[in-house]
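Data file: final.txt. Format and content: compact mmCIF, C-alpha atoms and all ligand atoms.
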# COMPACT_ATOMS: atom_id res chain seq x y z
CA MET A 1 2.07 -13.66 13.38
CA ALA A 2 4.06 -13.41 10.10
CA VAL A 3 4.40 -10.24 8.08
CA ILE A 4 1.30 -8.05 7.83
CA VAL A 5 1.16 -6.11 4.58
CA LEU A 6 -1.14 -3.16 3.91
CA ILE A 7 -2.31 -2.49 0.38
CA GLY A 8 -4.76 -0.05 -1.18
CA PHE A 9 -4.91 3.11 -3.21
CA MET A 10 -3.10 6.32 -2.29
CA GLY A 11 -4.97 7.92 0.58
CA SER A 12 -6.46 4.68 1.89
CA GLY A 13 -4.56 5.15 5.16
CA LYS A 14 -1.93 2.41 4.83
CA THR A 15 0.68 4.37 6.79
CA SER A 16 -1.54 5.76 9.54
CA VAL A 17 -3.45 2.50 10.09
CA GLY A 18 -0.27 0.44 9.75
CA GLN A 19 1.49 2.44 12.46
CA ILE A 20 -1.34 1.83 14.91
CA VAL A 21 -1.57 -1.90 14.11
CA ALA A 22 2.21 -2.24 14.49
CA ALA A 23 2.23 -0.46 17.84
CA ARG A 24 -0.60 -2.63 19.15
CA LEU A 25 1.12 -5.84 18.04
CA GLU A 26 4.52 -4.58 19.18
CA LEU A 27 5.94 -5.09 15.72
CA PRO A 28 8.13 -2.70 13.74
CA PHE A 29 6.36 -0.58 11.12
CA VAL A 30 7.98 -0.26 7.71
CA ASP A 31 6.84 1.89 4.79
CA SER A 32 8.18 0.45 1.54
CA ASP A 33 8.18 3.88 -0.13
CA ALA A 34 10.38 5.25 2.68
CA VAL A 35 12.82 2.33 2.30
CA ILE A 36 13.01 2.92 -1.47
CA GLU A 37 13.68 6.63 -0.91
CA ASP A 38 16.36 5.93 1.71
CA ARG A 39 18.16 3.49 -0.52
CA ALA A 40 17.91 5.63 -3.64
CA GLY A 41 18.84 8.78 -1.76
CA ARG A 42 16.03 10.67 -3.53
CA PRO A 43 12.32 11.17 -3.03
CA ILE A 44 9.93 9.12 -5.19
CA ARG A 45 8.85 12.23 -7.06
CA GLU A 46 12.45 12.66 -8.23
CA LEU A 47 12.90 8.96 -9.01
CA PHE A 48 9.95 9.19 -11.41
CA VAL A 49 11.51 12.18 -13.15
CA VAL A 50 15.14 11.04 -13.23
CA GLU A 51 14.84 7.27 -13.66
CA GLY A 52 11.27 6.91 -14.92
CA GLU A 53 8.37 4.90 -13.54
CA PRO A 54 9.56 1.45 -14.79
CA ALA A 55 12.84 1.83 -12.86
CA PHE A 56 10.89 2.88 -9.77
CA ARG A 57 8.69 -0.22 -10.14
CA GLU A 58 11.79 -2.45 -10.28
CA ARG A 59 13.13 -0.89 -7.11
CA GLU A 60 9.69 -1.30 -5.58
CA HIS A 61 9.48 -4.97 -6.47
CA SER A 62 12.88 -5.89 -5.04
CA THR A 63 12.31 -3.87 -1.89
CA VAL A 64 8.88 -5.37 -1.21
CA ALA A 65 10.05 -8.92 -1.95
CA GLU A 66 12.83 -8.44 0.59
CA LEU A 67 10.59 -6.88 3.24
CA VAL A 68 7.91 -9.57 3.08
CA ALA A 69 10.57 -12.28 3.36
CA GLY A 70 12.13 -10.55 6.36
CA PRO A 71 11.38 -10.57 10.06
CA ASP A 72 7.80 -10.05 11.30
CA ALA A 73 6.68 -6.48 10.75
CA VAL A 74 3.77 -4.40 9.55
CA VAL A 75 4.67 -3.25 6.03
CA ALA A 76 2.77 -0.55 4.12
CA LEU A 77 3.18 -0.83 0.35
CA GLY A 78 2.88 1.93 -2.23
CA GLY A 79 -0.49 1.90 -3.96
CA GLY A 80 0.89 0.43 -7.19
CA ALA A 81 3.15 -2.27 -5.73
CA VAL A 82 0.75 -5.17 -6.26
CA LEU A 83 0.44 -4.47 -9.98
CA ASP A 84 3.63 -6.50 -10.46
CA PRO A 85 2.69 -10.20 -10.60
CA ARG A 86 6.06 -11.10 -9.07
CA THR A 87 5.22 -8.93 -6.07
CA ARG A 88 1.79 -10.57 -5.80
CA SER A 89 3.48 -13.99 -5.69
CA ALA A 90 5.91 -12.76 -3.06
CA LEU A 91 2.95 -11.90 -0.81
CA ALA A 92 1.85 -15.54 -0.45
CA GLY A 93 2.34 -16.40 3.21
CA SER A 94 1.76 -12.84 4.47
CA HIS A 95 -1.41 -11.41 5.92
CA VAL A 96 -2.52 -8.97 3.24
CA VAL A 97 -4.80 -6.21 4.44
CA TYR A 98 -6.66 -4.24 1.79
CA LEU A 99 -7.83 -0.81 2.93
CA ARG A 100 -10.75 0.14 0.73
CA VAL A 101 -11.39 3.77 -0.04
CA SER A 102 -13.73 5.42 -2.53
CA TYR A 103 -12.14 7.57 -5.21
CA ALA A 104 -13.82 10.71 -3.86
CA GLU A 105 -12.59 10.11 -0.33
CA ALA A 106 -9.06 9.23 -1.48
CA ARG A 107 -8.90 12.49 -3.44
CA SER A 108 -10.16 14.55 -0.57
CA ARG A 109 -7.62 12.96 1.80
CA ILE A 110 -4.60 13.44 -0.47
CA GLY A 111 -5.51 16.67 -2.25
CA SER A 112 -2.96 17.51 -4.92
CA ASP A 113 0.12 16.09 -3.23
CA GLU A 114 3.18 16.95 -5.32
CA GLN A 115 5.08 14.06 -3.78
CA ARG A 116 2.74 11.64 -5.56
CA PRO A 117 3.63 11.78 -9.25
CA LEU A 118 0.76 9.54 -10.34
CA LEU A 119 -1.72 12.26 -9.42
CA GLN A 120 -0.50 14.19 -12.46
CA ARG A 121 -2.01 11.56 -14.75
CA PRO A 122 -5.19 12.78 -16.42
CA ASP A 123 -6.60 9.22 -16.27
CA ILE A 124 -5.92 8.80 -12.56
CA GLU A 125 -9.55 7.83 -11.84
CA ASP A 126 -9.26 5.00 -14.41
CA VAL A 127 -6.02 3.93 -12.74
CA TYR A 128 -7.93 3.78 -9.45
CA ARG A 129 -10.76 1.69 -10.97
CA SER A 130 -8.41 -0.70 -12.78
CA ARG A 131 -6.69 -1.58 -9.51
CA LEU A 132 -9.70 -2.48 -7.40
CA ALA A 133 -10.01 -6.10 -8.59
CA ILE A 134 -6.28 -6.66 -8.09
CA TYR A 135 -6.36 -5.35 -4.52
CA GLU A 136 -9.31 -7.60 -3.79
CA GLU A 137 -7.69 -10.63 -5.33
CA VAL A 138 -4.57 -10.48 -3.16
CA ALA A 139 -6.26 -9.47 0.09
CA THR A 140 -6.75 -11.87 2.97
CA VAL A 141 -8.45 -9.19 5.08
CA MET A 142 -10.37 -6.11 3.92
CA ALA A 143 -11.58 -3.01 5.70
CA ASP A 144 -13.70 -0.09 4.54
CA THR A 145 -12.14 3.21 5.49
CA ASP A 146 -14.55 5.85 4.17
CA GLY A 147 -15.74 8.08 7.00
CA ARG A 148 -13.66 6.18 9.58
CA ASP A 149 -10.54 7.36 11.34
CA ALA A 150 -7.33 5.34 11.37
CA ALA A 151 -7.79 4.19 14.97
CA ALA A 152 -11.23 2.71 14.26
CA VAL A 153 -10.00 0.97 11.12
CA ALA A 154 -7.00 -0.43 12.99
CA GLU A 155 -9.15 -1.78 15.84
CA GLY A 156 -11.42 -3.56 13.37
CA LEU A 157 -8.43 -5.10 11.63
CA LEU A 158 -6.80 -6.24 14.84
CA GLY A 159 -10.04 -8.03 15.67
CA GLN A 160 -10.08 -9.77 12.31
CA LEU A 161 -6.39 -10.68 12.40
CA THR A 162 -6.36 -12.04 15.91
CA ALA A 163 -9.62 -13.96 15.48
CA GLY A 164 -8.15 -15.60 12.40
CA ARG A 165 -11.05 -14.34 10.27
CA GLU A 166 -9.10 -14.29 7.04
CA ARG A 167 -9.77 -15.50 3.55
CA ARG A 168 -6.50 -17.39 3.56
CA THR A 169 -3.03 -16.88 4.93
C1 LIG B 1 1.95 5.04 -6.09
C2 LIG B 1 1.67 5.27 -4.77
C3 LIG B 1 2.60 5.92 -3.85
C4 LIG B 1 4.04 5.73 -4.34
C5 LIG B 1 4.18 6.17 -5.76
C6 LIG B 1 3.24 5.42 -6.71
C7 LIG B 1 0.92 4.36 -6.92
O1 LIG B 1 2.48 5.37 -2.55
O2 LIG B 1 4.45 4.40 -4.22
O3 LIG B 1 3.94 7.54 -5.80
O4 LIG B 1 1.26 3.84 -8.00
O5 LIG B 1 -0.25 4.30 -6.49
P1 LIG B 1 1.20 5.62 -1.57
O6 LIG B 1 0.12 4.67 -1.96
O7 LIG B 1 1.77 5.29 -0.23
O8 LIG B 1 0.83 7.04 -1.71
Please rewrite the model in this file as structure tokens.
Amino acid sequence: MAVIVLIGFMGSGKTSVGQIVAARLELPFVDSDAVIEDRAGRPIRELFVVEGEPAFREREHSTVAELVAGPDAVVALGGGAVLDPRTRSALAGSHVVYLRVSYAEARSRIGSDEQRPLLQRPDIEDVYRSRLAIYEEVATVMADTDGRDAAAVAEGLLGQLTAGRERRT
């Protein structure tokens, strides 16, 4: 089946949907943020403070490039991972699932999570808007998530993935 990658803004449900899809396909689930934290020995919030965002993005790029080249798995990426053009290139050959979420719904799902340093940015809504075209460009499969629970989103995706209804692979 190749690697299935989930992309989308914070709060789009990449982890919860990804876990269900992985279980149904009997594939391992990997969260790139969790791998980065394990390897760094610190939470992302601390990496942003101690090393700065550019250093986090470098770690993110190398981790994601490695995961998508690795054995078949369902891999959830952090919401900003696909901003790096090198990471976008590394995704060629993977199924790339974009979980769409409106800004209002994303905010209500994540609240003011202190583990997510980007939420401190006063222009976070602009950050959200500036990413939408990039998510769309890299996606081979898209799903709307507003008002839907993770199980329903996952079922819809499994249908699309197994029927081969993708933009490209
Ligand atoms: C980020 C999203 C986070 C995490 C980091 C930066 C972003 O992941 O990678 O805080 O730039 O959108 P989630 O999308 O899993 O919350």
Q: Find the residues near Ala106 in chain A: any atom within 8 Å, counting only C-alpha atoms, skip ones fewer than 2 places away on the same chain, and give them as a ChimeraX atom specification.
A: /A:9-12,101-104,108-110
(Q) Taking all atoms listed in the file and a cut-off of 6 Å, can you tell me which residues surround ligand LIG 1 (chain B), written as a list in words? (A)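 So, counting all atoms listed in the file, the residues near ligand LIG 1 (chain B) are Phe9, Met10, Asp33, Gly78, Gly79, Gly80, Arg116, Pro117 and Leu118 of chain A.
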Which residues of range 58-116 of chain A come within 9 Å of range 26-30 of chain A, and for each one, what is the closest pair of atoms and their distance in Å to one decimal, counting only C-alpha atoms, sorted by chain and residue number, as a Markdown table?
| residue | atom | partner | partner_atom | distance |
| --- | --- | --- | --- | --- |
| A:Leu67 | CA | A:Val30 | CA | 8.4 |
| A:Asp72 | CA | A:Leu27 | CA | 6.9 |
| A:Ala73 | CA | A:Pro28 | CA | 5.0 |
| A:Val74 | CA | A:Phe29 | CA | 4.9 |
| A:Val75 | CA | A:Val30 | CA | 4.8 |
| A:Ala76 | CA | A:Val30 | CA | 6.3 |
| A:Leu77 | CA | A:Val30 | CA | 8.8 |
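Comparing the minimum interatomic distances between Pro71 in chain A and each of A:Arg148, A:Ile4, A:Gly13, A:Asp123, counting only C-alpha atoms, we find that A:Ile4 sits nearest.
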Contacts of range 88-115 of chain A with range 18-24 of chain A up to 12 Å, shortest pair per row, all atoms listed in the file, as a Markdown table:
| residue | atom | partner | partner_atom | distance |
| --- | --- | --- | --- | --- |
| A:Val96 | CA | A:Gly18 | CA | 11.7 |
| A:Val97 | CA | A:Gly18 | CA | 9.6 |
| A:Tyr98 | CA | A:Gly18 | CA | 11.2 |
| A:Leu99 | CA | A:Gly18 | CA | 10.3 |
(Q) Just to confirm, what's the straight-line distance from CA of Asp146 in chain A to CA of Leu161 in chain A in Å (one decimal)? (A) 20.2 Å
